[in-house]
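Enquirer: my_file_22.txt (compact mmCIF, C-alpha atoms) pasted underneath:
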# COMPACT_ATOMS: atom_id res chain seq x y z
CA MET A 1 194.92 36.04 100.95
CA ARG A 2 192.21 34.87 98.50
CA ALA A 3 188.62 34.71 99.87
CA LYS A 4 186.76 31.48 100.07
CA ALA A 5 184.27 30.88 97.26
CA ALA A 6 180.50 30.89 98.19
CA SER A 7 178.76 27.56 97.95
CA GLY A 8 176.00 26.97 95.34
CA LYS A 9 173.35 26.43 98.05
CA THR A 10 174.03 29.88 99.53
CA ILE A 11 173.73 31.54 96.15
CA PHE A 12 170.40 29.78 95.59
CA PHE A 13 168.89 31.07 98.86
CA VAL A 14 170.08 34.64 98.18
CA CYS A 15 168.37 34.59 94.79
CA ILE A 16 165.09 33.36 96.34
CA ALA A 17 165.22 36.14 98.99
CA CYS A 18 165.79 38.83 96.34
CA PHE A 19 162.82 37.52 94.34
CA LEU A 20 160.45 37.62 97.32
CA ALA A 21 161.59 41.11 98.30
CA GLY A 22 160.97 42.33 94.78
CA THR A 23 157.49 40.79 94.69
CA LEU A 24 156.50 42.41 98.00
CA PHE A 25 157.68 45.85 96.91
CA SER A 26 155.86 45.63 93.59
CA GLY A 27 152.56 44.64 95.34
CA GLN A 28 152.64 47.71 97.59
CA MET A 29 153.23 49.98 94.62
CA TRP A 30 150.15 48.67 92.78
CA THR A 31 147.93 48.65 95.87
CA HIS A 32 148.33 52.41 96.76
CA PRO A 33 147.47 54.88 94.01
CA SER A 34 149.78 57.74 93.30
CA ASN A 35 149.24 61.27 94.59
CA HIS A 36 148.14 62.28 91.09
CA GLU A 37 145.33 59.74 91.15
CA ASN A 38 144.27 60.93 94.64
CA THR A 39 143.87 64.46 93.25
CA LEU A 40 141.73 63.29 90.31
CA LEU A 41 139.17 61.32 92.38
CA PRO A 42 137.39 64.34 94.10
CA ALA A 43 137.29 66.18 90.80
CA ARG A 44 135.65 63.13 89.16
CA ARG A 45 133.02 62.95 91.94
CA ASP A 46 132.34 66.72 91.59
CA CYS A 47 131.79 66.33 87.86
CA ASP A 48 129.38 63.46 88.47
CA HIS A 49 127.41 65.64 90.97
CA LYS A 50 127.21 68.55 88.53
CA ARG A 51 126.07 66.22 85.77
CA LYS A 52 123.23 64.98 87.99
CA LEU A 53 122.21 68.58 88.83
CA ILE A 54 122.14 69.50 85.16
CA GLU A 55 120.07 66.44 84.30
CA GLY A 56 117.53 67.29 87.10
CA ARG A 57 117.50 71.07 86.45
CA PRO A 58 113.83 71.49 85.18
CA GLY A 59 112.33 70.40 88.51
CA ASP A 60 114.89 72.35 90.52
CA VAL A 61 114.25 75.51 88.52
CA MET A 62 110.48 75.29 89.03
CA GLU A 63 110.97 74.76 92.75
CA GLU A 64 113.16 77.85 92.94
CA VAL A 65 110.57 79.86 90.97
CA VAL A 66 107.80 78.84 93.39
CA LYS A 67 109.94 79.75 96.39
CA THR A 68 110.77 83.11 94.86
CA HIS A 69 107.10 83.80 94.10
CA GLN A 70 106.13 82.98 97.67
CA ALA A 71 108.84 85.24 99.01
CA ILE A 72 107.62 88.09 96.80
CA LYS A 73 104.03 87.60 98.01
CA SER A 74 105.16 87.64 101.63
CA LEU A 75 107.18 90.77 101.03
CA ASP A 76 104.25 92.43 99.25
CA LYS A 77 101.95 91.67 102.19
CA ALA A 78 104.49 93.07 104.63
CA VAL A 79 104.87 96.23 102.56
CA SER A 80 101.08 96.60 102.34
CA THR A 81 100.76 96.31 106.11
CA LEU A 82 103.46 98.89 106.64
CA GLU A 83 101.79 101.21 104.14
CA MET A 84 98.48 100.99 106.04
CA GLU A 85 100.19 101.72 109.34
CA LEU A 86 102.10 104.59 107.80
CA THR A 87 98.96 106.01 106.21
CA ALA A 88 97.10 105.76 109.51
CA GLY A 89 99.90 107.65 111.24
CA ARG A 90 100.02 110.25 108.50
CA THR A 91 96.24 110.63 108.67
CA ARG A 92 96.44 111.38 112.38
CA GLN A 93 99.25 113.88 111.87
CA THR A 94 97.62 115.69 108.95
CA GLY A 95 94.04 115.42 110.14
CA GLY A 96 93.97 119.18 110.60
CA GLN A 97 93.82 119.58 106.83
CA HIS A 98 90.20 118.42 106.97
CA LEU A 99 89.27 120.86 109.69
CA ARG A 100 88.68 124.54 110.10
CA GLN A 101 89.56 124.58 113.77
CA GLN A 102 92.63 126.06 115.38
CA ALA A 103 95.79 123.95 115.37
CA SER A 104 95.69 123.65 119.14
CA ASN A 105 92.63 121.40 118.84
CA HIS A 106 94.33 118.94 116.51
CA SER A 107 96.31 117.00 119.13
CA LEU A 108 95.14 113.44 119.69
CA GLN A 109 93.11 113.07 122.89
CA LYS A 110 91.98 109.95 124.74
CA ALA A 111 88.23 109.35 124.95
CA PHE A 112 85.70 106.57 125.39
CA VAL A 113 83.29 107.72 122.70
CA VAL A 114 83.03 110.58 120.22
CA ILE A 115 79.43 111.50 119.33
CA GLY A 116 79.02 113.51 116.15
CA ILE A 117 75.60 115.15 115.77
CA ASN A 118 75.01 115.64 112.06
CA THR A 119 73.51 119.07 111.42
CA ALA A 120 72.98 121.68 108.70
CA PHE A 121 73.00 125.47 108.35
CA SER A 122 69.19 125.62 108.50
CA SER A 123 68.99 123.56 111.72
CA LYS A 124 69.80 126.09 114.43
CA ARG A 125 66.45 125.54 116.16
CA ARG A 126 67.10 121.80 116.17
CA ARG A 127 70.47 122.35 117.76
CA ASP A 128 68.97 124.60 120.40
CA SER A 129 66.29 121.99 121.20
CA ILE A 130 69.05 119.44 121.80
CA ARG A 131 71.08 121.84 123.94
CA GLU A 132 67.97 122.41 126.05
CA THR A 133 67.30 118.70 126.58
CA TRP A 134 69.73 115.78 126.33
CA LEU A 135 73.03 117.57 125.59
CA PRO A 136 75.11 118.76 128.57
CA LYS A 137 74.90 122.49 129.05
CA GLY A 138 77.66 125.10 129.08
CA ASN A 139 80.88 124.00 130.73
CA GLN A 140 79.47 120.52 131.32
CA VAL A 141 80.39 119.63 127.73
CA LYS A 142 84.09 119.94 128.53
CA GLU A 143 83.69 118.43 132.00
CA LEU A 144 82.05 115.35 130.49
CA GLU A 145 85.00 114.97 128.14
CA LYS A 146 87.52 115.27 130.92
CA GLU A 147 85.81 113.11 133.56
CA LYS A 148 84.07 110.47 131.44
CA GLY A 149 85.76 110.61 128.05
CA ILE A 150 82.44 111.40 126.33
CA VAL A 151 82.87 113.89 123.48
CA THR A 152 79.84 115.54 121.85
CA ARG A 153 79.99 117.83 118.82
CA PHE A 154 77.65 119.20 116.19
CA VAL A 155 79.22 118.28 112.86
CA ILE A 156 79.00 120.68 109.93
CA GLY A 157 81.04 121.73 106.89
CA HIS A 158 81.00 125.04 105.07
CA SER A 159 78.77 126.69 102.48
CA THR A 160 79.43 126.94 98.74
CA THR A 161 80.77 130.44 99.44
CA PRO A 162 83.23 129.99 102.33
CA GLY A 163 83.21 132.93 104.68
CA GLY A 164 79.72 133.93 103.64
CA ILE A 165 76.73 134.71 105.83
CA LEU A 166 75.98 131.05 106.60
CA ASP A 167 79.51 130.34 107.76
CA LYS A 168 79.61 133.50 109.84
CA ALA A 169 76.41 132.44 111.60
CA ILE A 170 78.02 129.12 112.57
CA ASP A 171 81.16 130.96 113.71
CA ALA A 172 79.03 133.10 116.02
CA GLU A 173 77.18 130.04 117.35
CA GLU A 174 80.48 128.25 117.96
CA ALA A 175 81.85 131.25 119.86
CA GLU A 176 78.83 131.08 122.16
CA HIS A 177 78.54 127.32 122.74
CA LYS A 178 81.90 125.83 121.66
CA ASP A 179 80.28 122.55 120.60
CA PHE A 180 81.00 122.34 116.86
CA LEU A 181 83.28 120.19 114.74
CA ARG A 182 83.92 121.94 111.41
CA LEU A 183 84.76 119.83 108.37
CA ASN A 184 86.39 120.85 105.12
CA HIS A 185 83.24 119.84 103.29
CA VAL A 186 80.60 121.61 101.21
CA GLU A 187 77.21 121.04 102.85
CA GLY A 188 74.42 119.46 100.80
CA TYR A 189 71.77 116.79 101.33
CA HIS A 190 73.09 114.63 98.50
CA GLU A 191 76.60 114.80 99.97
CA LEU A 192 75.85 112.96 103.21
CA SER A 193 77.95 109.92 102.24
CA THR A 194 80.92 112.17 101.57
CA LYS A 195 80.35 114.04 104.83
CA THR A 196 80.12 110.81 106.83
CA ARG A 197 83.30 109.49 105.26
CA LEU A 198 85.11 112.71 106.11
CA TYR A 199 83.63 112.81 109.62
CA PHE A 200 85.15 109.46 110.60
CA SER A 201 88.46 110.35 108.95
CA THR A 202 88.56 113.57 110.95
CA VAL A 203 87.55 112.37 114.41
CA ILE A 204 90.02 109.46 114.30
CA SER A 205 92.75 112.05 113.75
CA MET A 206 91.66 114.09 116.79
CA TRP A 207 90.47 111.60 119.41
CA ASP A 208 91.78 108.17 120.29
CA ALA A 209 88.43 106.69 121.32
CA ASP A 210 86.96 103.22 121.72
CA PHE A 211 83.85 104.14 119.72
CA TYR A 212 82.69 106.76 117.23
CA VAL A 213 78.99 107.57 116.89
CA LYS A 214 77.00 109.40 114.24
CA VAL A 215 73.52 110.66 115.21
CA ASP A 216 71.10 113.02 113.45
CA ASP A 217 69.98 116.30 115.03
CA ASP A 218 66.31 115.23 115.09
CA VAL A 219 66.85 112.20 117.35
CA HIS A 220 66.39 112.03 121.11
CA LEU A 221 69.40 110.45 122.81
CA ASN A 222 70.06 109.24 126.35
CA LEU A 223 73.82 109.62 126.76
CA GLY A 224 74.07 107.41 129.84
CA MET A 225 72.25 104.52 128.17
CA LEU A 226 74.36 104.94 125.01
CA VAL A 227 77.61 104.76 126.96
CA SER A 228 76.41 101.77 129.02
CA THR A 229 75.39 99.94 125.84
CA LEU A 230 78.69 100.59 124.09
CA ALA A 231 80.66 99.53 127.17
CA LYS A 232 79.29 95.98 126.75
CA TYR A 233 81.18 95.68 123.46
CA ARG A 234 84.35 97.42 124.55
CA SER A 235 86.52 94.29 124.44
CA ARG A 236 85.33 93.15 121.00
CA PRO A 237 87.17 94.12 117.83
CA ARG A 238 85.50 95.51 114.70
CA VAL A 239 82.00 96.18 116.05
CA TYR A 240 79.21 97.90 114.08
CA ILE A 241 76.26 98.75 116.35
CA GLY A 242 72.82 100.03 115.41
CA CYS A 243 69.34 99.03 114.37
CA MET A 244 70.00 96.73 111.45
CA LYS A 245 67.57 96.87 108.54
CA SER A 246 67.26 95.77 104.94
CA GLY A 247 64.95 98.10 103.04
CA PRO A 248 63.97 97.95 99.37
CA VAL A 249 66.26 99.37 96.69
CA LEU A 250 64.23 102.24 95.23
CA TYR A 251 64.86 102.22 91.48
CA GLN A 252 62.05 104.59 90.45
CA LYS A 253 63.33 108.03 89.50
CA GLY A 254 61.91 111.00 91.35
CA VAL A 255 61.14 109.18 94.61
CA LYS A 256 62.84 110.01 97.89
CA TYR A 257 65.93 107.89 98.57
CA HIS A 258 66.15 106.92 94.87
CA GLU A 259 69.18 104.68 94.28
CA ALA A 260 70.81 105.65 90.98
CA GLU A 261 72.98 102.51 91.06
CA HIS A 262 70.08 100.16 91.74
CA TRP A 263 71.28 97.78 89.02
CA LYS A 264 74.21 96.78 91.25
CA PHE A 265 71.80 95.18 93.72
CA GLY A 266 70.26 92.74 91.27
CA GLU A 267 66.74 92.61 89.89
CA GLU A 268 64.16 95.32 90.51
CA GLY A 269 62.40 94.80 93.82
CA ASN A 270 65.48 93.48 95.60
CA LYS A 271 66.52 94.66 99.05
CA TYR A 272 69.73 96.16 100.34
CA PHE A 273 72.18 94.11 102.38
CA ARG A 274 71.75 94.39 106.15
CA HIS A 275 73.02 97.70 107.54
CA ALA A 276 72.38 100.07 110.46
CA THR A 277 69.73 102.71 110.00
CA GLY A 278 71.23 106.14 109.47
CA GLN A 279 69.59 107.99 112.38
CA ILE A 280 72.21 106.66 114.81
CA TYR A 281 74.95 104.03 114.76
CA ALA A 282 78.35 103.38 116.30
CA ILE A 283 81.57 101.81 115.06
CA SER A 284 84.66 100.73 116.98
CA LYS A 285 88.04 102.38 116.62
CA ASP A 286 89.54 99.85 114.21
CA LEU A 287 86.65 100.34 111.77
CA ALA A 288 86.97 104.12 111.95
CA THR A 289 90.70 103.70 111.29
CA TYR A 290 89.90 101.54 108.27
CA ILE A 291 87.67 104.29 106.88
CA SER A 292 90.28 106.98 107.54
CA ILE A 293 92.94 104.97 105.68
CA ASN A 294 90.81 103.98 102.70
CA TRP A 295 88.43 106.92 102.39
CA PRO A 296 89.62 108.01 98.90
CA ILE A 297 88.47 104.70 97.38
CA LEU A 298 85.32 104.02 99.43
CA HIS A 299 82.31 104.11 97.11
CA ARG A 300 79.41 106.41 97.94
CA TYR A 301 75.85 105.34 97.24
CA ALA A 302 72.86 107.64 97.24
CA ASN A 303 72.06 106.95 100.88
CA GLU A 304 74.61 107.47 103.65
CA ASP A 305 73.57 104.47 105.74
CA VAL A 306 73.87 102.18 102.72
CA SER A 307 77.30 103.60 101.96
CA ILE A 308 78.80 102.87 105.37
CA GLY A 309 77.14 99.46 105.38
CA SER A 310 78.84 98.68 102.06
CA TRP A 311 82.23 99.83 103.38
CA LEU A 312 82.03 97.32 106.23
CA LEU A 313 80.25 94.50 104.41
CA GLY A 314 83.37 92.75 103.12
CA LEU A 315 85.27 92.94 106.40
CA GLU A 316 85.36 90.66 109.43
CA VAL A 317 82.85 92.81 111.32
CA GLU A 318 80.40 91.96 114.07
CA HIS A 319 77.01 93.48 113.24
CA VAL A 320 75.12 94.19 116.47
CA ASP A 321 71.37 94.71 116.08
CA GLU A 322 70.70 96.95 119.08
CA ARG A 323 66.95 97.67 119.07
CA SER A 324 67.14 100.13 121.98
CA MET A 325 68.78 102.53 119.53
CA CYS A 326 65.58 102.88 117.48
CA CYS A 327 62.68 103.18 119.90
CA GLY A 328 59.59 105.05 118.81
CA THR A 329 58.53 108.35 120.35
CA PRO A 330 55.86 108.31 123.09
CA PRO A 331 54.05 106.22 123.94
CA ASP A 332 56.70 103.63 122.91
CA CYS A 333 59.79 105.03 124.67
CA ASP A 334 57.64 106.30 127.55
CA TRP A 335 56.22 102.84 128.25
CA LYS A 336 59.67 101.24 128.04
CA ALA A 337 61.13 103.82 130.43
CA ARG A 338 58.36 103.10 132.95
CA THR A 339 59.18 99.39 132.84
CA GLY A 340 62.87 100.04 133.45
CA ASN A 341 64.02 99.62 129.84
CA VAL A 342 65.19 103.13 129.07
CA CYS A 343 65.90 103.57 125.37
CA VAL A 344 69.20 104.69 123.93
CA ALA A 345 67.55 106.69 121.14
CA SER A 346 64.01 107.55 120.03
CA PHE A 347 62.59 108.85 116.74
CA ASP A 348 59.70 108.36 114.31
CA TRP A 349 60.33 105.95 111.45
CA SER A 350 57.78 107.76 109.32
CA CYS A 351 59.85 110.94 109.41
CA SER A 352 63.31 109.28 109.56
CA GLY A 353 63.69 111.28 112.75
CA ILE A 354 61.38 112.95 115.25
CA CYS A 355 58.48 114.51 113.40
CA LYS A 356 58.47 118.26 114.22
CA SER A 357 61.45 117.70 116.50
CA VAL A 358 61.85 121.36 117.49
CA GLU A 359 58.35 121.47 118.96
CA ARG A 360 58.37 117.96 120.46
CA MET A 361 61.93 117.38 121.74
CA ARG A 362 61.28 118.82 125.19
CA ASP A 363 58.15 116.70 125.78
CA ILE A 364 59.91 113.55 124.53
CA HIS A 365 62.84 114.23 126.83
CA LYS A 366 60.50 114.66 129.77
CA ALA A 367 58.72 111.38 129.05
CA CYS A 368 61.64 109.23 127.87
CA GLY A 369 64.75 110.86 129.30
CA GLU A 370 66.99 108.99 131.72
CA GLY A 371 67.50 111.99 134.02
CA ASP A 372 70.12 114.69 133.82
CA GLY A 373 72.53 112.99 136.22
CA ALA A 374 72.45 109.53 134.65
CA VAL A 375 75.45 109.97 132.37
CA TRP A 376 77.60 111.15 135.27
CA ASN A 377 76.85 107.96 137.21
CA VAL A 378 77.91 105.56 134.47
CA ASP A 379 80.88 103.47 135.58
CA LEU A 380 83.35 102.87 132.76
Can you turn what I pasted into structure tokens?

Expert:
Amino acid sequence: MRAKAASGKTIFFVCIACFLAGTLFSGQMWTHPSNHENTLLPARRDCDHKRKLIEGRPGDVMEEVVKTHQAIKSLDKAVSTLEMELTAGRTRQTGGQHLRQQASNHSLQKAFVVIGINTAFSSKRRRDSIRETWLPKGNQVKELEKEKGIVTRFVIGHSTTPGGILDKAIDAEEAEHKDFLRLNHVEGYHELSTKTRLYFSTVISMWDADFYVKVDDDVHLNLGMLVSTLAKYRSRPRVYIGCMKSGPVLYQKGVKYHEAEHWKFGEEGNKYFRHATGQIYAISKDLATYISINWPILHRYANEDVSIGSWLLGLEVEHVDERSMCCGTPPDCDWKARTGNVCVASFDWSCSGICKSVERMRDIHKACGEGDGAVWNVDL
């Protein structure tokens, strides 16, 4: 049977529907990019970013250089700090190289103060005058170390002929009194700066103390007053204690205390910077450690007190002008003792120590001494 033919109106509507469907499909195709285009878009953005980085590279490079330089400086400072700590540790471990004592004495010991009495081969009578007056006698030297942490030693090096008659005399004296600290140093008046530098390097390697003192063997000292005075500064870092002075720089050749490098201190007639007089002074542990670390490059001037003052001048150091450490001999220290102001140390400025100390030390001790039991009653 033959099918019925479609009417013209039906055909017209079918054609319109096909046209609309085609238009809709084509619009969706143009609206959504292909997968290939989606892949190209991130790459295009990445290229744009790199182009901007390249165009701004000069500023970026300089910024990176600055950051790198700062990092290098920080690393250099850290390395320097570690080197100082390592050197300090090595100094303590190898401190025995500077000594002529037995190895058993090289172990680090705790103490409050180490007092080094600077002496020479020709000064036996001076040493005996001190042993008979203000220095503890016999076994009391060791007892004072153990109970109070107060270490006292005569400090001396060796002669130009090690093992000679001078050294043997000191060996015999040490066997009798056991109160010497021997340095690997050739004795000589013009080598005091070197000796002082080595003294601090040595004692810091043997005793872990709060303070280290240097005193001459022609000075009268009250140990109890010294310890009480130092105790006041125990909590302060980097302390340099003594009678501060600023004497003239002696440029004339042939005079005592002539400064060969006077030109470094300016015009003729100038004065030294402020420093502690050399008869007696004290430094705290951190300053002694600084000297022990840097001793190979610490400059030595003609005078020992100027030398140590120069070593500490450029540091953050508290200079304490303690006038009780430079009283005059009687009647000065006698009058002060009677009024209750016992002196730490007494000497004659005119002699840079006690004039004729061997003959006068006993009388000065009797007039200006604090009493034999005073140091034992100090509360630390």

Enquirer: State, in Å with one decimal place, the distance from CA of Ser107 (chain A) to CA of Arg182 (chain A).

Expert: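 Separation of CA of Ser107 (chain A) and CA of Arg182 (chain A): 15.4 Å.
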
Enquirer: Using only C-alpha atoms, collect all residues at a distance of at most 12 Å from (78.6, 118.4, 100.1) as written in the file, then present them as a PyMOL selection string.

Expert: chain A and resi 120+156-160+183-198

Enquirer: Quick one: residues within 6 Å of Cys243 (chain A), all atoms listed in the file counted, chain neighbours fewer than 6 positions away excluded, as a PDB file with C-alpha atoms, in the frame of the given file?

Expert:
ATOM      1  CA  ALA A 276      72.380 100.070 110.460  1.00  0.00           C
ATOM      2  CA  THR A 277      69.730 102.710 110.000  1.00  0.00           C
ATOM      3  CA  ASP A 321      71.370  94.710 116.080  1.00  0.00           C
ATOM      4  CA  GLU A 322      70.700  96.950 119.080  1.00  0.00           C
ATOM      5  CA  ARG A 323      66.950  97.670 119.070  1.00  0.00           C
TER       6      ARG A 323
END

Enquirer: Taking all atoms listed in the file into account, name the residue in A:Lys232, A:Cys368, A:Asp128, A:Tyr301 that is nearest to Asp332 (chain A).

Expert: A:Cys368

Enquirer: Given the choices A:Val249, A:Ser122, A:Ile283, A:Ala345, which gets closest to Ala169 (chain A) if the distance is worked out from only C-alpha atoms?

Expert: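 Selected residue with least distance to Ala169 (chain A): A:Ser122.
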
Enquirer: With only C-alpha atoms as the atoms that count, which of A:Arg131, A:Arg238, A:Lys142, A:His177 lies nearest to Ile291 (chain A)?

Expert: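 So, comparing all the options, the nearest one is A:Arg238.
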
Enquirer: Suppose you want the space between CA of Leu108 (chain A) and CA of Leu298 (chain A); what is it in Å?

Expert: 24.4 Å

Enquirer: Please measure the separation of CA of Thr329 (chain A) and CA of Gly138 (chain A), giving the value in Å to one decimal.

Expert: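 Value for the CA of Thr329 (chain A)-CA of Gly138 (chain A) distance: 26.9 Å.
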
Enquirer: Choose the residue, out of A:Ser357, A:Asn270, A:Asn139, A:Asn222, that has the smallest atom-to-atom separation from Gly371 (chain A); count all atoms listed in the file.

Expert: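 Checking each candidate against Gly371 (chain A), we get A:Asn222 as the closest.
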
Enquirer: Up to 7 Å from (69.8, 103.9, 93.0) in the file's coordinates: name the residues, counting all atoms listed in the file, as number ranges by chain.

Expert: A: 249-251, 258-262, 302

Enquirer: Would you please work out which residue, of A:Gly116, A:Pro330, A:Gly254, A:Pro248, is nearest to Tyr281 (chain A) when using all atoms listed in the file?

Expert: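 The answer is A:Gly116, which sits nearest to Tyr281 (chain A).
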
Enquirer: Please determine, counting all atoms listed in the file, which residue among A:Thr68, A:Asn303, A:Gly373, A:Phe273 has the shortest atom-to-atom distance to Ser246 (chain A).

Expert: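 Checking each of A:Thr68, A:Asn303, A:Gly373, A:Phe273 against Ser246 (chain A), counting all atoms listed in the file, the winner is A:Phe273.
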